[in-house]
Every structure is written in structure tokens, then in C-alpha cells.
$ cat input12.pdb   # PDB, C-alpha atoms and all ligand atoms
ATOM      1  CA  MET M   1      94.059 103.955 102.170
ATOM      2  CA  ARG M   2      93.757 102.472 105.610
ATOM      3  CA  LEU M   3      92.943 105.842 107.205
ATOM      4  CA  GLU M   4      90.334 106.562 104.543
ATOM      5  CA  THR M   5      88.591 103.248 105.001
ATOM      6  CA  LEU M   6      88.666 103.585 108.787
ATOM      7  CA  GLY M   7      87.008 106.989 108.790
ATOM      8  CA  ILE M   8      86.626 109.239 111.804
ATOM      9  CA  ARG M   9      83.550 107.555 113.281
ATOM     10  CA  ASP M  10      85.104 104.110 113.089
ATOM     11  CA  SER M  11      88.296 105.100 114.808
ATOM     12  CA  CYS M  12      86.468 106.784 117.702
ATOM     13  CA  ASP M  13      83.477 104.606 118.544
ATOM     14  CA  ALA M  14      83.540 101.174 120.105
ATOM     15  CA  PRO M  15      81.174  98.583 118.585
ATOM     16  CA  VAL M  16      77.846  98.158 120.357
ATOM     17  CA  PHE M  17      75.601  95.368 121.611
ATOM     18  CA  VAL M  18      71.991  95.148 122.727
ATOM     19  CA  VAL M  19      69.831  92.562 124.471
ATOM     20  CA  GLN M  20      66.136  92.885 123.652
ATOM     21  CA  LYS M  21      63.747  91.038 125.938
ATOM     22  CA  HIS M  22      60.935  89.962 123.645
ATOM     23  CA  ARG M  23      57.563  88.456 124.422
ATOM     24  CA  ALA M  24      56.549  86.941 121.068
ATOM     25  CA  THR M  25      54.873  83.502 120.990
ATOM     26  CA  THR M  26      57.295  82.663 123.770
ATOM     27  CA  LEU M  27      59.444  84.884 125.962
ATOM     28  CA  HIS M  28      63.083  85.058 124.884
ATOM     29  CA  TYR M  29      66.011  87.461 124.783
ATOM     30  CA  ASP M  30      67.561  88.590 121.489
ATOM     31  CA  PHE M  31      71.282  89.199 121.830
ATOM     32  CA  ARG M  32      72.754  91.379 119.070
ATOM     33  CA  LEU M  33      76.402  92.275 118.406
ATOM     34  CA  GLU M  34      77.491  94.937 115.939
ATOM     35  CA  ILE M  35      79.721  93.202 113.398
ATOM     36  CA  GLY M  36      80.454  94.710 110.005
ATOM     37  CA  GLY M  37      77.641  97.271 109.913
ATOM     38  CA  VAL M  38      74.828  94.939 111.037
ATOM     39  CA  MET M  39      73.663  93.451 114.308
ATOM     40  CA  ALA M  40      74.511  89.723 114.269
ATOM     41  CA  SER M  41      71.748  88.110 116.338
ATOM     42  CA  TRP M  42      70.901  85.113 118.501
ATOM     43  CA  ALA M  43      67.665  84.281 120.323
ATOM     44  CA  ILE M  44      68.344  82.980 123.837
ATOM     45  CA  PRO M  45      65.202  81.285 125.267
ATOM     46  CA  LYS M  46      66.307  81.431 128.931
ATOM     47  CA  GLY M  47      68.210  84.668 128.471
ATOM     48  CA  PRO M  48      71.858  85.579 128.913
ATOM     49  CA  THR M  49      73.432  84.899 132.279
ATOM     50  CA  LEU M  50      76.409  86.007 134.358
ATOM     51  CA  ASP M  51      76.610  82.504 135.826
ATOM     52  CA  SER M  52      79.862  80.955 134.588
ATOM     53  CA  GLY M  53      78.673  77.531 135.722
ATOM     54  CA  VAL M  54      75.898  77.137 133.127
ATOM     55  CA  LYS M  55      75.612  77.302 129.343
ATOM     56  CA  ARG M  56      72.556  78.779 127.670
ATOM     57  CA  LEU M  57      71.140  77.720 124.313
ATOM     58  CA  ALA M  58      71.374  80.516 121.714
ATOM     59  CA  MET M  59      69.659  80.077 118.345
ATOM     60  CA  PRO M  60      71.074  82.079 115.416
ATOM     61  CA  VAL M  61      68.499  84.435 113.891
ATOM     62  CA  PRO M  62      68.816  86.814 110.912
ATOM     63  CA  ASP M  63      71.026  89.911 111.148
ATOM     64  CA  HIS M  64      69.187  93.086 112.123
ATOM     65  CA  PRO M  65      69.946  96.645 110.979
ATOM     66  CA  LEU M  66      72.064  98.725 113.346
ATOM     67  CA  GLU M  67      69.168 101.112 114.060
ATOM     68  CA  TYR M  68      67.000  98.286 115.396
ATOM     69  CA  ARG M  69      69.035  98.308 118.608
ATOM     70  CA  HIS M  70      67.104 101.445 119.598
ATOM     71  CA  PHE M  71      63.705  99.761 119.297
ATOM     72  CA  GLU M  72      61.639  99.386 122.429
ATOM     73  CA  GLY M  73      57.870  99.071 122.144
ATOM     74  CA  VAL M  74      55.264  96.747 120.712
ATOM     75  CA  LEU M  75      55.611  94.983 117.348
ATOM     76  CA  GLU M  76      52.199  94.922 115.644
ATOM     77  CA  GLU M  77      50.243  91.748 114.930
ATOM     78  CA  GLN M  78      51.144  91.600 111.232
ATOM     79  CA  GLN M  79      54.880  91.757 111.953
ATOM     80  CA  ALA M  80      57.028  88.717 112.611
ATOM     81  CA  GLY M  81      57.620  88.406 116.341
ATOM     82  CA  ALA M  82      54.539  90.455 117.284
ATOM     83  CA  GLY M  83      54.680  91.440 120.952
ATOM     84  CA  ALA M  84      56.481  93.668 123.419
ATOM     85  CA  VAL M  85      60.204  94.392 123.098
ATOM     86  CA  MET M  86      62.337  95.821 125.922
ATOM     87  CA  ILE M  87      65.891  97.118 125.604
ATOM     88  CA  TRP M  88      67.007  94.945 128.491
ATOM     89  CA  ASP M  89      70.668  95.887 128.206
ATOM     90  CA  THR M  90      72.882  97.880 125.876
ATOM     91  CA  GLY M  91      76.406  99.237 125.715
ATOM     92  CA  THR M  92      79.696  98.751 123.943
ATOM     93  CA  TYR M  93      81.860  95.691 123.659
ATOM     94  CA  THR M  94      85.511  94.822 123.205
ATOM     95  CA  ALA M  95      86.373  91.999 120.817
ATOM     96  CA  GLU M  96      88.633  89.366 122.320
ATOM     97  CA  HIS M  97      91.096  87.168 120.513
ATOM     98  CA  GLU M  98      92.116  83.824 122.000
ATOM     99  CA  VAL M  99      95.899  83.752 121.856
ATOM    100  CA  SER M 100      96.116  80.257 123.335
ATOM    101  CA  LYS M 101      93.718  78.051 125.300
ATOM    102  CA  GLY M 102      92.115  80.226 127.979
ATOM    103  CA  VAL M 103      94.354  83.226 127.216
ATOM    104  CA  ARG M 104      92.559  86.133 125.591
ATOM    105  CA  ARG M 105      93.665  89.579 124.536
ATOM    106  CA  ASP M 106      91.596  92.680 123.807
ATOM    107  CA  VAL M 107      91.310  93.877 120.220
ATOM    108  CA  PRO M 108      90.785  97.629 120.726
ATOM    109  CA  ASP M 109      91.412  98.636 117.092
ATOM    110  CA  ARG M 110      88.063  98.960 115.351
ATOM    111  CA  ALA M 111      89.085  97.558 111.953
ATOM    112  CA  GLU M 112      91.060  94.682 113.466
ATOM    113  CA  ALA M 113      88.176  93.902 115.821
ATOM    114  CA  GLU M 114      85.760  93.656 112.903
ATOM    115  CA  ALA M 115      88.072  91.235 111.085
ATOM    116  CA  VAL M 116      88.505  89.165 114.262
ATOM    117  CA  MET M 117      84.725  89.056 114.853
ATOM    118  CA  ARG M 118      83.903  88.095 111.241
ATOM    119  CA  LYS M 119      86.394  85.224 111.414
ATOM    120  CA  ALA M 120      85.031  84.220 114.829
ATOM    121  CA  LEU M 121      81.476  84.084 113.415
ATOM    122  CA  GLU M 122      82.656  81.799 110.599
ATOM    123  CA  ASP M 123      84.573  79.624 113.030
ATOM    124  CA  GLY M 124      81.620  79.463 115.422
ATOM    125  CA  ASN M 125      83.625  80.752 118.368
ATOM    126  CA  VAL M 126      82.956  84.406 119.230
ATOM    127  CA  LYS M 127      84.628  86.016 122.239
ATOM    128  CA  PHE M 128      83.910  89.446 123.628
ATOM    129  CA  ARG M 129      83.814  91.577 126.750
ATOM    130  CA  LEU M 130      80.580  93.469 127.398
ATOM    131  CA  HIS M 131      80.322  96.918 128.946
ATOM    132  CA  GLY M 132      76.593  97.036 129.629
ATOM    133  CA  THR M 133      74.346  98.160 132.464
ATOM    134  CA  LYS M 134      73.637  94.538 133.477
ATOM    135  CA  LEU M 135      76.019  92.368 131.486
ATOM    136  CA  ARG M 136      79.694  92.945 132.151
ATOM    137  CA  GLY M 137      82.829  90.900 131.730
ATOM    138  CA  SER M 138      84.015  88.273 129.310
ATOM    139  CA  PHE M 139      81.713  85.920 127.347
ATOM    140  CA  ALA M 140      81.738  83.469 124.451
ATOM    141  CA  LEU M 141      79.198  82.241 121.928
ATOM    142  CA  VAL M 142      80.199  78.815 120.645
ATOM    143  CA  ARG M 143      78.568  76.912 117.808
ATOM    144  CA  THR M 144      77.671  73.295 118.436
ATOM    145  CA  ARG M 145      75.925  70.576 116.501
ATOM    146  CA  GLY M 146      73.062  69.205 118.523
ATOM    147  CA  PHE M 147      70.816  66.212 117.966
ATOM    148  CA  GLY M 148      69.823  65.650 114.330
ATOM    149  CA  GLY M 149      72.642  67.884 113.098
ATOM    150  CA  LYS M 150      70.684  71.005 114.031
ATOM    151  CA  VAL M 151      73.042  73.934 114.514
ATOM    152  CA  SER M 152      72.789  75.793 117.768
ATOM    153  CA  TRP M 153      75.121  77.971 119.786
ATOM    154  CA  LEU M 154      75.891  78.142 123.475
ATOM    155  CA  TRP M 155      76.132  81.293 125.569
ATOM    156  CA  ILE M 156      79.039  81.006 127.998
ATOM    157  CA  LYS M 157      80.173  83.361 130.754
ATOM    158  CA  HIS M 158      83.901  83.190 131.346
ATOM    159  CA  ARG M 159      84.867  83.157 135.002
ATOM    160  CA  ASP M 160      85.916  86.644 136.065
ATOM    161  CA  GLU M 161      85.115  89.325 138.644
ATOM    162  CA  HIS M 162      81.661  89.806 137.048
ATOM    163  CA  SER M 163      80.556  86.151 137.319
ATOM    164  CA  GLN M 164      77.484  85.592 139.511
ATOM    165  CA  ALA M 165      76.323  82.094 140.427
ATOM    166  CA  GLY M 166      72.578  81.626 139.964
ATOM    167  CA  TYR M 167      72.108  84.805 137.909
ATOM    168  CA  ASP M 168      68.659  84.796 136.261
ATOM    169  CA  PRO M 169      67.863  87.641 133.816
ATOM    170  CA  ASN M 170      64.153  87.275 134.608
ATOM    171  CA  ASP M 171      64.920  88.682 138.089
ATOM    172  CA  TYR M 172      65.707  92.028 136.429
ATOM    173  CA  ASP M 173      62.559  92.995 134.527
ATOM    174  CA  VAL M 174      63.581  96.601 133.919
ATOM    175  CA  SER M 175      64.489  98.442 130.718
ATOM    176  CA  ALA M 176      68.036  99.802 130.478
ATOM    177  CA  VAL M 177      66.737 102.915 128.693
ATOM    178  CA  SER M 178      63.270 103.649 130.127
ATOM    179  CA  GLY M 179      63.136 101.826 133.442
ATOM    180  CA  ARG M 180      59.855 100.167 132.400
ATOM    181  CA  SER M 181      58.897  96.534 132.960
ATOM    182  CA  LEU M 182      57.911  94.392 129.967
ATOM    183  CA  ALA M 183      54.254  94.557 131.102
ATOM    184  CA  GLU M 184      54.444  98.366 131.189
ATOM    185  CA  ILE M 185      55.927  98.426 127.693
ATOM    186  CA  ALA M 186      53.175  96.053 126.473
ATOM    187  CA  ALA M 187      50.536  98.368 128.012
ATOM    188  CA  GLY M 188      52.091 101.396 126.339
ATOM    189  CA  SER M 189      52.972 103.187 129.590
ATOM    190  CA  PRO M 190      55.206 106.223 129.094
TER     191      PRO M 190
HETATM  192 MN    MN P 201      62.830  88.022 119.092
END

$ encode --input "input12.pdb" --output "C-alpha cells" --more "lines below"
Ligand code: MN
Amino acid sequence: MRLETLGIRDSCDAPVFVVQKHRATTLHYDFRLEIGGVMASWAIPKGPTLDSGVKRLAMPVPDHPLEYRHFEGVLEEQQAGAGAVMIWDTGTYTAEHEVSKGVRRDVPDRAEAEAVMRKALEDGNVKFRLHGTKLRGSFALVRTRGFGGKVSWLWIKHRDEHSQAGYDPNDYDVSAVSGRSLAEIAAGSP
């Protein structure tokens, strides 16, 4: 039963993530993690960072289909979020489970990782290690209750060998898949 439900694809492939830099009404970065067949998503106004000394606001946004992680181009006027979208970073991730305060272990098994990530989403405390072209190392997304009871999340970089003080994603305006800048994508350059 377990082998059947796992399937060949699931036992071979690591789950994926994408960060889409998106100039809609305002510039932001959409961070998406594959969890349970969809891309769970957060909009990060200032973008993700490798700086373990700062926390970045991350607003939960609706799940996106898996295939959307391949989208780079311009969303038309009549679509929500009209404007240019860049695949700023993409790769696989490893789910992490917090064994005790500050002690995390990898969850390499695909089915176990999905269960861990679903529970983490519910609990508002998601931990993962990214294997991207720009983002690498261990991170957390933690749900908080801000002023007025409005739910928001915080993007946190755990301190590790990939931490970089002062890291600003806007310093790296280059697509992970096409090498284009956001302006070039907006202009439809090849
Ligand atoms: Mn967006």
C-alpha cells in the first residue's frame, strides 16, 4: 500500500520551490513551496534574504498550481497581479523537523516530508533547507499575529554557512532561468 501510494516519481524527486519576482501594483517576491501537490505561497514585499539578522514580512497568498513555477513573462492587464514575473530563484528543498529547540533534522523521505510540511503549515512554523541558485541553507517561515489580529508570517534565515549580513535580493536582478532582468522581461526581450 505504502509503495503504491508513494509511486516512482515521488520516491525519486525532491520537492521544489520557486521565488518569482513580480512587479504588480508594487514590487514583491512570491515564495512558493511544493507541499501536497500544490505550491503553498507567500508574498514577501522586501524579498527573501540570506541575512540571519533580520526578519522579513511574508503575507500568505493562495496556493498556486505546480506548473506555475515555470512561469516567467508578463501577466496581462485583465489578470490579477498584471505585470512582469521573473523566476528569480528555483530548485529543490529538504524539509526540516525541529527535534528540540534549535536542533533540526532533515526529512529526506518524500512522504514523511509532505506530512511534516502539512503539519508545519497548520502549526505556523515551517522549516526547510533550500538548494537554489541564490537561496541556500536553512530557513523558517513563522506565523505571527500582528496589530489588529491580522495574520502575517515572518521569513527567517537560520544562521549557517550560507548566511550573509546585509543581503538584499534587489541587488540580484537576474532570472535564474533566462538571465534576464525584470525590465527585459517586461519589454519582452528574448
Ligand atoms: Mn505576486

$ atom_distance --input "input12.pdb" --atom1 "atom CA of Asp168 of chain M" --atom2 "atom CA of Gln20 of chain M"
15.2 Å

$ closest_atom_pairs --input "input12.pdb" --of "chain M" --to "ligand MN 201 (chain P)" --cutoff "10 Å" --atoms "all atoms listed in the file" --output "tab-separated table"
residue	atom	partner	partner_atom	distance
M:Val19	CA	P:MN201	MN	9.9
M:Gln20	CA	P:MN201	MN	7.4
M:Lys21	CA	P:MN201	MN	7.5
M:His22	CA	P:MN201	MN	5.3
M:Arg23	CA	P:MN201	MN	7.5
M:Ala24	CA	P:MN201	MN	6.7
M:Thr25	CA	P:MN201	MN	9.3
M:Thr26	CA	P:MN201	MN	9.0
M:Leu27	CA	P:MN201	MN	8.3
M:His28	CA	P:MN201	MN	6.5
M:Tyr29	CA	P:MN201	MN	6.5
M:Asp30	CA	P:MN201	MN	5.3
M:Phe31	CA	P:MN201	MN	9.0
M:Ser41	CA	P:MN201	MN	9.3
M:Trp42	CA	P:MN201	MN	8.6
M:Ala43	CA	P:MN201	MN	6.2
M:Ile44	CA	P:MN201	MN	8.9
M:Pro45	CA	P:MN201	MN	9.4
M:Val61	CA	P:MN201	MN	8.5
M:Ala80	CA	P:MN201	MN	8.7
M:Gly81	CA	P:MN201	MN	5.9
M:Ala82	CA	P:MN201	MN	8.8
M:Gly83	CA	P:MN201	MN	9.0
M:Ala84	CA	P:MN201	MN	9.5
M:Val85	CA	P:MN201	MN	8.0

$ write_last_selection --input "input12.pdb" --atoms "C-alpha atoms" --output "short mmCIF file (atom, residue, chain, number, x, y, z; two decimals), keeping the file's coordinate frame"
data_model
loop_
_atom_site.label_atom_id
_atom_site.label_comp_id
_atom_site.auth_asym_id
_atom_site.auth_seq_id
_atom_site.Cartn_x
_atom_site.Cartn_y
_atom_site.Cartn_z
CA VAL M 19 69.83 92.56 124.47
CA GLN M 20 66.14 92.88 123.65
CA LYS M 21 63.75 91.04 125.94
CA HIS M 22 60.94 89.96 123.64
CA ARG M 23 57.56 88.46 124.42
CA ALA M 24 56.55 86.94 121.07
CA THR M 25 54.87 83.50 120.99
CA THR M 26 57.30 82.66 123.77
CA LEU M 27 59.44 84.88 125.96
CA HIS M 28 63.08 85.06 124.88
CA TYR M 29 66.01 87.46 124.78
CA ASP M 30 67.56 88.59 121.49
CA PHE M 31 71.28 89.20 121.83
CA SER M 41 71.75 88.11 116.34
CA TRP M 42 70.90 85.11 118.50
CA ALA M 43 67.67 84.28 120.32
CA ILE M 44 68.34 82.98 123.84
CA PRO M 45 65.20 81.28 125.27
CA VAL M 61 68.50 84.44 113.89
CA ALA M 80 57.03 88.72 112.61
CA GLY M 81 57.62 88.41 116.34
CA ALA M 82 54.54 90.46 117.28
CA GLY M 83 54.68 91.44 120.95
CA ALA M 84 56.48 93.67 123.42
CA VAL M 85 60.20 94.39 123.10
#

$ atom_distance --input "input12.pdb" --atom1 "atom CA of Glu112 of chain M" --atom2 "atom CA of Asp89 of chain M"
25.2 Å

$ atom_distance --input "input12.pdb" --atom1 "atom CA of Trp153 of chain M" --atom2 "atom CA of Glu122 of chain M"
12.5 Å

$ resolve_selection --input "input12.pdb" --expression "the PyMOL selection byres (((chain M and resi 184) around 12) and not hetatm)" --output "list of chain:residue names"
M:Glu72, M:Gly73, M:Val74, M:Ala84, M:Val85, M:Met86, M:Asp173, M:Val174, M:Ser175, M:Ser178, M:Gly179, M:Arg180, M:Ser181, M:Leu182, M:Ala183, M:Ile185, M:Ala186, M:Ala187, M:Gly188, M:Ser189, M:Pro190

$ write_last_selection --input "input12.pdb" --atoms "C-alpha atoms" --output "PDB file, in the frame of the given file"
ATOM      1  CA  GLU M  72      61.639  99.386 122.429  1.00  0.00           C
ATOM      2  CA  GLY M  73      57.870  99.071 122.144  1.00  0.00           C
ATOM      3  CA  VAL M  74      55.264  96.747 120.712  1.00  0.00           C
ATOM      4  CA  ALA M  84      56.481  93.668 123.419  1.00  0.00           C
ATOM      5  CA  VAL M  85      60.204  94.392 123.098  1.00  0.00           C
ATOM      6  CA  MET M  86      62.337  95.821 125.922  1.00  0.00           C
ATOM      7  CA  ASP M 173      62.559  92.995 134.527  1.00  0.00           C
ATOM      8  CA  VAL M 174      63.581  96.601 133.919  1.00  0.00           C
ATOM      9  CA  SER M 175      64.489  98.442 130.718  1.00  0.00           C
ATOM     10  CA  SER M 178      63.270 103.649 130.127  1.00  0.00           C
ATOM     11  CA  GLY M 179      63.136 101.826 133.442  1.00  0.00           C
ATOM     12  CA  ARG M 180      59.855 100.167 132.400  1.00  0.00           C
ATOM     13  CA  SER M 181      58.897  96.534 132.960  1.00  0.00           C
ATOM     14  CA  LEU M 182      57.911  94.392 129.967  1.00  0.00           C
ATOM     15  CA  ALA M 183      54.254  94.557 131.102  1.00  0.00           C
ATOM     16  CA  ILE M 185      55.927  98.426 127.693  1.00  0.00           C
ATOM     17  CA  ALA M 186      53.175  96.053 126.473  1.00  0.00           C
ATOM     18  CA  ALA M 187      50.536  98.368 128.012  1.00  0.00           C
ATOM     19  CA  GLY M 188      52.091 101.396 126.339  1.00  0.00           C
ATOM     20  CA  SER M 189      52.972 103.187 129.590  1.00  0.00           C
ATOM     21  CA  PRO M 190      55.206 106.223 129.094  1.00  0.00           C
TER      22      PRO M 190
END

$ decode --input "input12.pdb" --residues "segment 59-90 of chain M" --atoms "N, CA and C atoms" --output "CSV table (one decimal), in the first residue's frame"
chain,number,residue,atom,x,y,z
M,59,MET,N,3.4,37.7,3.5
M,59,MET,CA,1.9,37.6,3.6
M,59,MET,C,1.5,36.3,2.9
M,60,PRO,N,0.6,35.5,3.5
M,60,PRO,CA,0.1,34.3,2.9
M,60,PRO,C,-0.8,34.6,1.7
M,61,VAL,N,-0.6,34.0,0.6
M,61,VAL,CA,-1.4,34.2,-0.6
M,61,VAL,C,-1.9,32.8,-1.1
M,62,PRO,N,-2.9,32.8,-1.9
M,62,PRO,CA,-3.5,31.5,-2.3
M,62,PRO,C,-2.5,30.5,-2.9
M,63,ASP,N,-2.7,29.2,-2.7
M,63,ASP,CA,-1.9,28.2,-3.3
M,63,ASP,C,-1.9,28.4,-4.9
M,64,HIS,N,-0.8,28.0,-5.5
M,64,HIS,CA,-0.7,28.1,-7.0
M,64,HIS,C,-0.5,26.6,-7.5
M,65,PRO,N,-0.9,26.4,-8.7
M,65,PRO,CA,-0.6,25.0,-9.3
M,65,PRO,C,0.9,24.8,-9.4
M,66,LEU,N,1.3,23.5,-9.4
M,66,LEU,CA,2.7,23.2,-9.5
M,66,LEU,C,3.3,23.8,-10.8
M,67,GLU,N,2.6,23.8,-11.9
M,67,GLU,CA,3.1,24.2,-13.2
M,67,GLU,C,3.4,25.7,-13.2
M,68,TYR,N,2.8,26.5,-12.3
M,68,TYR,CA,3.0,27.9,-12.3
M,68,TYR,C,4.4,28.3,-12.0
M,69,ARG,N,5.2,27.3,-11.4
M,69,ARG,CA,6.6,27.6,-11.0
M,69,ARG,C,7.4,27.9,-12.3
M,70,HIS,N,6.9,27.4,-13.4
M,70,HIS,CA,7.7,27.6,-14.7
M,70,HIS,C,7.4,28.9,-15.3
M,71,PHE,N,6.4,29.7,-14.8
M,71,PHE,CA,6.0,30.9,-15.5
M,71,PHE,C,7.0,32.1,-15.3
M,72,GLU,N,7.5,32.6,-16.4
M,72,GLU,CA,8.2,33.8,-16.4
M,72,GLU,C,7.7,34.6,-17.6
M,73,GLY,N,7.3,35.9,-17.4
M,73,GLY,CA,6.8,36.6,-18.5
M,73,GLY,C,6.0,37.8,-18.0
M,74,VAL,N,5.0,38.2,-18.8
M,74,VAL,CA,4.1,39.3,-18.4
M,74,VAL,C,2.7,38.9,-18.3
M,75,LEU,N,2.1,39.1,-17.1
M,75,LEU,CA,0.7,38.8,-16.9
M,75,LEU,C,-0.1,39.9,-17.5
M,76,GLU,N,-1.1,39.6,-18.3
M,76,GLU,CA,-1.9,40.6,-19.0
M,76,GLU,C,-2.7,41.5,-18.0
M,77,GLU,N,-3.2,42.6,-18.5
M,77,GLU,CA,-3.9,43.6,-17.7
M,77,GLU,C,-5.1,43.0,-17.0
M,78,GLN,N,-5.8,42.1,-17.7
M,78,GLN,CA,-7.1,41.6,-17.1
M,78,GLN,C,-6.9,40.6,-16.0
M,79,GLN,N,-5.6,40.1,-15.9
M,79,GLN,CA,-5.3,39.1,-14.9
M,79,GLN,C,-4.9,39.8,-13.6
M,80,ALA,N,-5.3,39.1,-12.5
M,80,ALA,CA,-4.8,39.6,-11.2
M,80,ALA,C,-3.3,39.6,-11.1
M,81,GLY,N,-2.8,40.6,-10.6
M,81,GLY,CA,-1.3,40.7,-10.5
M,81,GLY,C,-0.6,41.1,-11.8
M,82,ALA,N,-1.4,41.8,-12.7
M,82,ALA,CA,-0.8,42.1,-14.0
M,82,ALA,C,0.6,42.8,-13.8
M,83,GLY,N,1.5,42.3,-14.7
M,83,GLY,CA,2.9,42.9,-14.6
M,83,GLY,C,3.9,41.8,-14.9
M,84,ALA,N,5.2,42.2,-14.8
M,84,ALA,CA,6.2,41.2,-15.2
M,84,ALA,C,6.5,40.3,-14.0
M,85,VAL,N,6.8,39.0,-14.4
M,85,VAL,CA,7.2,38.0,-13.4
M,85,VAL,C,8.5,37.4,-13.8
M,86,MET,N,9.5,37.4,-12.9
M,86,MET,CA,10.8,36.7,-13.2
M,86,MET,C,10.9,35.5,-12.3
M,87,ILE,N,11.4,34.4,-12.8
M,87,ILE,CA,11.8,33.3,-11.9
M,87,ILE,C,13.2,33.7,-11.3
M,88,TRP,N,13.1,34.3,-10.1
M,88,TRP,CA,14.3,34.8,-9.5
M,88,TRP,C,15.2,33.7,-8.9
M,89,ASP,N,14.5,32.7,-8.4
M,89,ASP,CA,15.3,31.5,-8.0
M,89,ASP,C,14.4,30.3,-8.0
M,90,THR,N,15.0,29.1,-8.2
M,90,THR,CA,14.3,27.9,-8.2
M,90,THR,C,15.2,26.7,-7.8
